[in-house]
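A.B. asks: Dropping in start_0.txt, with compact mmCIF, C-alpha atoms.
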```txt
# COMPACT_ATOMS: atom_id res chain seq x y z
CA MET A 22 -3.66 -2.11 -25.55
CA THR A 23 -5.58 -3.50 -22.57
CA ASP A 24 -4.96 -2.86 -18.90
CA ILE A 25 -3.53 -6.36 -18.58
CA GLU A 26 -1.12 -5.90 -21.46
CA ASN A 27 0.49 -2.83 -19.97
CA PHE A 28 0.14 -3.93 -16.31
CA ALA A 29 -0.17 -0.29 -15.26
CA ALA A 30 -3.67 -0.86 -13.87
CA PHE A 31 -2.24 -2.90 -11.00
CA GLN A 32 -0.28 0.11 -9.74
CA GLY A 33 -3.59 1.45 -8.49
CA VAL A 34 -4.34 -1.66 -6.44
CA PRO A 35 -2.92 -1.93 -2.90
CA THR A 36 -1.30 -5.21 -1.93
CA THR A 37 -3.78 -5.43 0.94
CA THR A 38 -6.64 -5.62 -1.55
CA LEU A 39 -4.87 -8.28 -3.59
CA ALA A 40 -4.08 -10.27 -0.44
CA ASP A 41 -7.78 -10.23 0.48
CA LEU A 42 -8.62 -11.67 -2.94
CA LEU A 43 -5.76 -14.15 -3.38
CA GLY A 44 -4.96 -15.37 0.13
CA ARG A 45 -1.76 -16.02 2.02
CA GLU A 46 -0.19 -18.37 -0.53
CA GLN A 47 0.35 -15.54 -3.05
CA VAL A 48 1.94 -13.15 -0.55
CA MET A 49 5.70 -13.26 -0.02
CA ASP A 50 6.97 -13.66 3.52
CA ILE A 51 7.78 -10.62 5.65
CA GLY A 52 11.51 -10.94 5.02
CA ILE A 53 11.03 -9.59 1.49
CA ARG A 54 10.65 -5.91 2.27
CA PRO A 55 11.46 -2.51 0.74
CA LEU A 56 15.05 -1.52 1.40
CA TRP A 57 14.30 2.19 1.42
CA GLU A 58 11.23 4.24 2.23
CA PRO A 59 8.87 5.69 1.30
CA VAL A 60 8.81 3.28 -1.61
CA PRO A 61 6.25 3.77 -4.39
CA ARG A 62 3.89 0.95 -5.29
CA VAL A 63 5.25 -0.93 -8.28
CA ALA A 64 3.64 -3.44 -10.60
CA GLY A 65 4.81 -5.33 -13.63
CA PRO A 66 5.29 -8.69 -15.30
CA ALA A 67 7.75 -11.01 -13.60
CA PHE A 68 11.08 -11.71 -15.29
CA THR A 69 12.35 -14.65 -13.26
CA VAL A 70 15.93 -15.48 -12.30
CA SER A 71 17.53 -18.28 -10.29
CA CYS A 72 20.90 -17.71 -8.61
CA PRO A 73 22.63 -20.32 -6.44
CA PRO A 74 24.04 -19.15 -3.10
CA GLY A 75 27.12 -17.00 -3.53
CA ASP A 76 26.56 -16.28 -7.22
CA ASN A 77 24.78 -13.46 -9.04
CA LEU A 78 25.66 -14.01 -12.71
CA MET A 79 22.13 -14.62 -13.94
CA LEU A 80 20.67 -11.55 -12.26
CA HIS A 81 23.31 -9.47 -13.99
CA ALA A 82 22.44 -11.21 -17.25
CA ALA A 83 18.74 -10.53 -16.72
CA VAL A 84 19.30 -6.78 -16.40
CA HIS A 85 20.27 -6.69 -20.08
CA ARG A 86 17.44 -8.98 -21.22
CA ALA A 87 14.35 -7.99 -19.25
CA ALA A 88 11.84 -5.90 -21.16
CA PRO A 89 11.10 -2.36 -19.93
CA GLY A 90 8.43 -2.46 -17.25
CA SER A 91 9.50 -5.86 -15.93
CA VAL A 92 9.93 -6.70 -12.27
CA ILE A 93 13.00 -8.91 -11.97
CA VAL A 94 12.25 -11.63 -9.40
CA VAL A 95 15.22 -13.56 -8.02
CA GLU A 96 15.35 -16.90 -6.25
CA SER A 97 18.49 -17.20 -4.15
CA GLY A 98 18.07 -17.45 -0.39
CA ASP A 99 21.70 -16.43 0.10
CA LEU A 100 22.39 -14.36 3.22
CA ASP A 101 26.18 -14.17 2.80
CA TYR A 102 26.73 -12.40 -0.53
CA ALA A 103 25.10 -9.54 -2.41
CA LEU A 104 23.18 -10.22 -5.59
CA ALA A 105 23.58 -6.68 -6.92
CA GLY A 106 24.95 -3.26 -6.11
CA GLY A 107 24.48 0.35 -7.03
CA ASN A 108 25.69 0.18 -10.61
CA VAL A 109 23.61 -2.88 -11.48
CA CYS A 110 20.51 -1.22 -10.04
CA ALA A 111 21.31 2.00 -11.93
CA VAL A 112 21.67 0.14 -15.23
CA ALA A 113 18.44 -1.77 -14.59
CA GLN A 114 16.66 1.50 -13.88
CA ARG A 115 18.10 3.11 -17.01
CA ARG A 116 16.92 0.16 -19.09
CA GLY A 117 13.38 0.54 -17.78
CA VAL A 118 13.24 -2.29 -15.25
CA THR A 119 10.54 -1.43 -12.72
CA ALA A 120 12.03 -3.06 -9.62
CA PHE A 121 14.01 -5.93 -8.14
CA VAL A 122 12.25 -8.43 -5.88
CA ALA A 123 14.99 -10.66 -4.52
CA ASP A 124 15.10 -13.51 -2.04
CA GLY A 125 18.58 -12.41 -1.03
CA LEU A 126 20.70 -9.34 -0.34
CA ILE A 127 22.08 -6.32 -2.15
CA ARG A 128 24.76 -3.74 -1.40
CA ASP A 129 25.38 -0.02 -2.04
CA LEU A 130 22.08 0.86 -0.43
CA ALA A 131 22.84 4.59 -0.31
CA GLU A 132 23.28 4.66 -4.09
CA VAL A 133 20.12 2.67 -4.67
CA ARG A 134 18.13 4.90 -2.33
CA GLU A 135 19.48 8.06 -3.95
CA SER A 136 18.48 6.84 -7.40
CA ALA A 137 15.02 5.85 -6.03
CA PHE A 138 15.18 2.42 -7.65
CA PRO A 139 12.70 0.13 -5.86
CA VAL A 140 14.32 -2.96 -4.35
CA PHE A 141 12.45 -5.47 -2.21
CA ALA A 142 14.84 -7.96 -0.62
CA ARG A 143 15.96 -9.56 2.64
CA GLY A 144 18.58 -6.97 3.48
CA ILE A 145 22.03 -5.64 2.69
CA ILE A 146 25.59 -6.88 2.96
CA PRO A 147 28.79 -5.34 1.54
CA VAL A 148 30.23 -8.61 0.17
CA PRO A 149 29.78 -9.19 -3.60
CA GLY A 150 28.87 -12.57 -5.02
CA ALA A 151 30.70 -14.51 -7.74
CA LYS A 152 29.71 -14.76 -11.40
CA LYS A 153 30.10 -18.38 -12.46
CA ALA A 154 26.79 -20.25 -12.42
CA VAL A 155 24.86 -20.26 -15.71
CA ARG A 156 21.17 -21.08 -15.43
CA PRO A 157 18.18 -20.55 -17.73
CA LEU A 158 16.15 -17.37 -17.38
CA ASN A 159 12.38 -17.10 -17.08
CA GLU A 160 11.94 -20.51 -15.47
CA PRO A 161 9.56 -20.86 -12.47
CA VAL A 162 11.19 -19.77 -9.21
CA ARG A 163 10.31 -19.49 -5.53
CA CYS A 164 10.79 -16.09 -3.93
CA GLY A 165 9.70 -15.35 -0.40
CA GLY A 166 7.89 -18.69 -0.32
CA VAL A 167 5.76 -17.96 -3.40
CA ARG A 168 6.02 -19.70 -6.76
CA VAL A 169 6.54 -17.12 -9.49
CA GLU A 170 6.36 -17.75 -13.21
CA SER A 171 7.44 -15.50 -16.04
CA GLY A 172 4.61 -13.12 -16.86
CA ASP A 173 2.89 -13.31 -13.47
CA VAL A 174 1.91 -9.86 -12.19
CA VAL A 175 4.09 -8.75 -9.29
CA VAL A 176 2.72 -5.93 -7.13
CA ALA A 177 4.86 -4.55 -4.31
CA ASP A 178 4.49 -1.67 -1.88
CA GLU A 179 5.25 -0.84 1.74
CA GLU A 180 2.81 -3.56 2.89
CA GLY A 181 4.54 -6.41 1.04
CA VAL A 182 4.78 -8.28 -2.25
CA VAL A 183 1.89 -10.12 -3.92
CA VAL A 184 2.08 -12.35 -6.98
CA VAL A 185 -0.98 -12.51 -9.24
CA PRO A 186 -0.88 -15.62 -11.46
CA GLY A 187 -0.78 -14.51 -15.07
CA GLY A 188 -3.79 -16.59 -16.02
CA ARG A 189 -5.93 -14.92 -13.35
CA ALA A 190 -4.80 -11.33 -13.89
CA GLU A 191 -7.94 -10.08 -15.63
CA GLU A 192 -10.26 -11.75 -13.12
CA VAL A 193 -8.28 -10.44 -10.14
CA LEU A 194 -8.11 -6.92 -11.53
CA ARG A 195 -11.90 -6.86 -11.99
CA GLY A 196 -12.39 -8.13 -8.45
CA ALA A 197 -9.96 -5.59 -7.03
CA ARG A 198 -11.65 -2.70 -8.80
CA ALA A 199 -15.06 -3.80 -7.54
CA LYS A 200 -13.77 -4.16 -3.99
CA LEU A 201 -12.09 -0.74 -4.03
CA ALA A 202 -15.19 0.89 -5.49
CA GLY A 203 -17.37 -0.61 -2.77
CA GLU A 204 -14.97 0.52 -0.05
CA ALA A 205 -14.89 4.06 -1.47
CA GLU A 206 -18.69 4.32 -1.17
CA GLN A 207 -18.74 3.10 2.44
CA THR A 208 -18.43 5.60 5.28
CA LEU A 209 -16.57 4.77 8.48
CA ASP A 210 -19.91 4.74 10.30
CA ASP A 211 -21.25 2.17 7.83
CA TRP A 212 -18.11 0.06 8.18
CA GLU A 213 -18.20 0.23 11.97
CA LYS A 214 -21.84 -0.88 12.08
CA ALA A 215 -21.27 -3.82 9.73
CA HIS A 216 -18.08 -4.76 11.56
CA ARG A 217 -19.76 -4.74 14.98
CA GLU A 218 -22.62 -6.89 13.70
CA ARG A 219 -20.26 -9.42 12.16
CA ILE A 220 -18.07 -9.66 15.27
CA ASP A 221 -21.08 -10.04 17.53
CA GLU A 222 -22.44 -12.82 15.30
CA LEU A 223 -19.13 -14.67 15.46
CA LEU A 224 -18.92 -14.27 19.23
CA ALA A 225 -22.45 -15.53 19.69
CA ALA A 226 -21.78 -18.53 17.45
CA GLY A 227 -18.79 -19.33 19.63
CA GLY A 228 -20.77 -19.17 22.83
CA PHE A 229 -19.30 -15.89 24.07
CA GLU A 230 -21.37 -13.95 26.62
CA GLY A 231 -20.60 -10.41 27.58
```
Can you dump the structure from the file as structure tokens?
C.D. replies:
Amino acid sequence: MTDIENFAAFQGVPTTTLADLLGREQVMDIGIRPLWEPVPRVAGPAFTVSCPPGDNLMLHAAVHRAAPGSVIVVESGDLDYALAGGNVCAVAQRRGVTAFVADGLIRDLAEVRESAFPVFARGIIPVPGAKKAVRPLNEPVRCGGVRVESGDVVVADEEGVVVVPGGRAEEVLRGARAKLAGEAEQTLDDWEKAHRERIDELLAAGGFEG
């Protein structure tokens, strides 16, 4: 089994490194944040879900269908009703789901925090959503402003959430490892010298004197 097949290799890559390689368009907005801390870095293949405002049926359906290791990614945008609560998170955790990344809200935060199930979302609210709207699973969604497809690599930590397109995973992992290796060999003195030179060059190019 390769690193890409088990996705575990991405747990060793900070989101900051991935953001440097992929750019702003693959980083979810700052509203998608960990709901308890300190949260571990998580990584896994996206299992995508779309829920209309006020409804959470398909997220609950996904919990019983996502493969172990998956990160369930939810498009919703609803700020009035919770997508999930403590029991749903506990069942997801028991079934091997790595984390929830949700463009919406959850409830029962104390239970979720106590169980140490990673949830990245917009916040909490005590009001539960309905269970009426049936939609297909594993269709492309938008979460935190980023398009996410089933099988994309989702990496999330205290810095944010980054989506690595599935077709670029191997390339990005190689680039991340090379970047981290180079940084590990560089002392702070080396970094400071290179940084000062680069900043001075940019200032001079802009006509700055001083």
A.B. asks: From the options A:Pro35, A:Pro139, A:Pro89, A:Gly117, which residue's atoms come nearest to A:Pro59, counting only C-alpha atoms?
C.D. replies: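 Nearest to A:Pro59: A:Pro139.
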A.B. asks: When you draw a straight line from atom CA of A:Gly188 to atom CA of A:Gly172, how long is it in Å?
C.D. replies: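 For atom CA of A:Gly188 relative to atom CA of A:Gly172, the distance reads 9.1 Å.
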A.B. asks: So, with all atoms listed in the file as the atoms that count, which of A:Gly196, A:Pro186, A:Gly144, A:Gly107 lies closest to A:Ala131?
C.D. replies: A:Gly107
A.B. asks: Counting all atoms listed in the file, note down every residue that has an atom within 12 Å of the point (-7.3, -12.0, -11.9) (file coordinates), as a VMD selection string.
C.D. replies: chain A and resid 24 to 25 28 30 to 31 39 42 to 43 173 to 174 184 to 198
A.B. asks: Which polymer residues have any atom within 8 Å of an atom of A:Ala64, counting only C-alpha atoms, with same-chain residues fewer than 5 positions away left out, as a list in words?
C.D. replies: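 Everything that qualifies: Phe28, Ala29, Phe31, Gln32, Val92, Thr119, Val174, Val175, Val176 and Ala177 of chain A.
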A.B. asks: When you draw a straight line from atom CA of A:Leu78 to atom CA of A:Gly106, how long is it in Å?
C.D. replies: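 Distance between the two atoms: 12.6 Å.
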A.B. asks: Atom CA of A:Val155 and atom CA of A:Gly65 are how many Å apart?
C.D. replies: 25.1 Å
A.B. asks: With only C-alpha atoms as the basis for distance, which of A:Ser136, A:Ser71, A:Gln207, A:Gln114 is at the shortest distance from A:Trp57?
C.D. replies: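 Among the listed residues, A:Ser136 lies closest to A:Trp57.
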A.B. asks: Within 6 Å of (-8.5, -5.2, -2.6) in the file's own coordinates, which protein, DNA or RNA residues have an atom, counting all atoms listed in the file? List them as a list in words.
C.D. replies: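 Result, sorted by chain then residue number: Thr37, Thr38, Leu39, Asp41, Ala197, Lys200 and Leu201 of chain A.
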A.B. asks: Keeping only C-alpha atoms, take the residues you just selected and write them out as a PDB file, keeping the file's coordinate frame.
C.D. replies:
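Writing the result to result-v7.pdb gives the following:
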```pdb
ATOM      1  CA  THR A  37      -3.780  -5.430   0.940  1.00  0.00           C
ATOM      2  CA  THR A  38      -6.640  -5.620  -1.550  1.00  0.00           C
ATOM      3  CA  LEU A  39      -4.870  -8.280  -3.590  1.00  0.00           C
ATOM      4  CA  ASP A  41      -7.780 -10.230   0.480  1.00  0.00           C
ATOM      5  CA  ALA A 197      -9.960  -5.590  -7.030  1.00  0.00           C
ATOM      6  CA  LYS A 200     -13.770  -4.160  -3.990  1.00  0.00           C
ATOM      7  CA  LEU A 201     -12.090  -0.740  -4.030  1.00  0.00           C
TER       8      LEU A 201
END
```
A.B. asks: Between A:Leu158, A:Ala82, A:Leu104, A:Ile51, which has the minimum distance to A:Glu179 (counting only C-alpha atoms)?
C.D. replies: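 Distance minimum relative to A:Glu179 lands on A:Ile51.
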A.B. asks: Name the residues in contact with A:Arg163 at a cut-off of 7 Å, using only C-alpha atoms, excluding same-chain residues fewer than 5 positions from it; report them as a PyMOL selection string.
C.D. replies: chain A and resi 96+168-169
A.B. asks: Within 12 Å of stretch 151-153 of chain A, counting all atoms listed in the file, which residues show up once you throw out same-chain ones fewer than 3 positions away? Write them as a list in words, please.
C.D. replies: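 Everything that qualifies: Cys72, Pro73, Pro74, Gly75, Asp76, Asn77, Leu78, Met79, Leu80, His81, Ala82, Asp101, Tyr102, Ala103, Leu104, Ala105, Val148 and Arg156 of chain A.
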A.B. asks: Please identify all polymer residues within 10 Å of A:Arg116, counting all atoms listed in the file, omitting same-chain residues fewer than 5 positions from it, and present them as a PyMOL selection string.
C.D. replies: chain A and resi 84-90+110-111
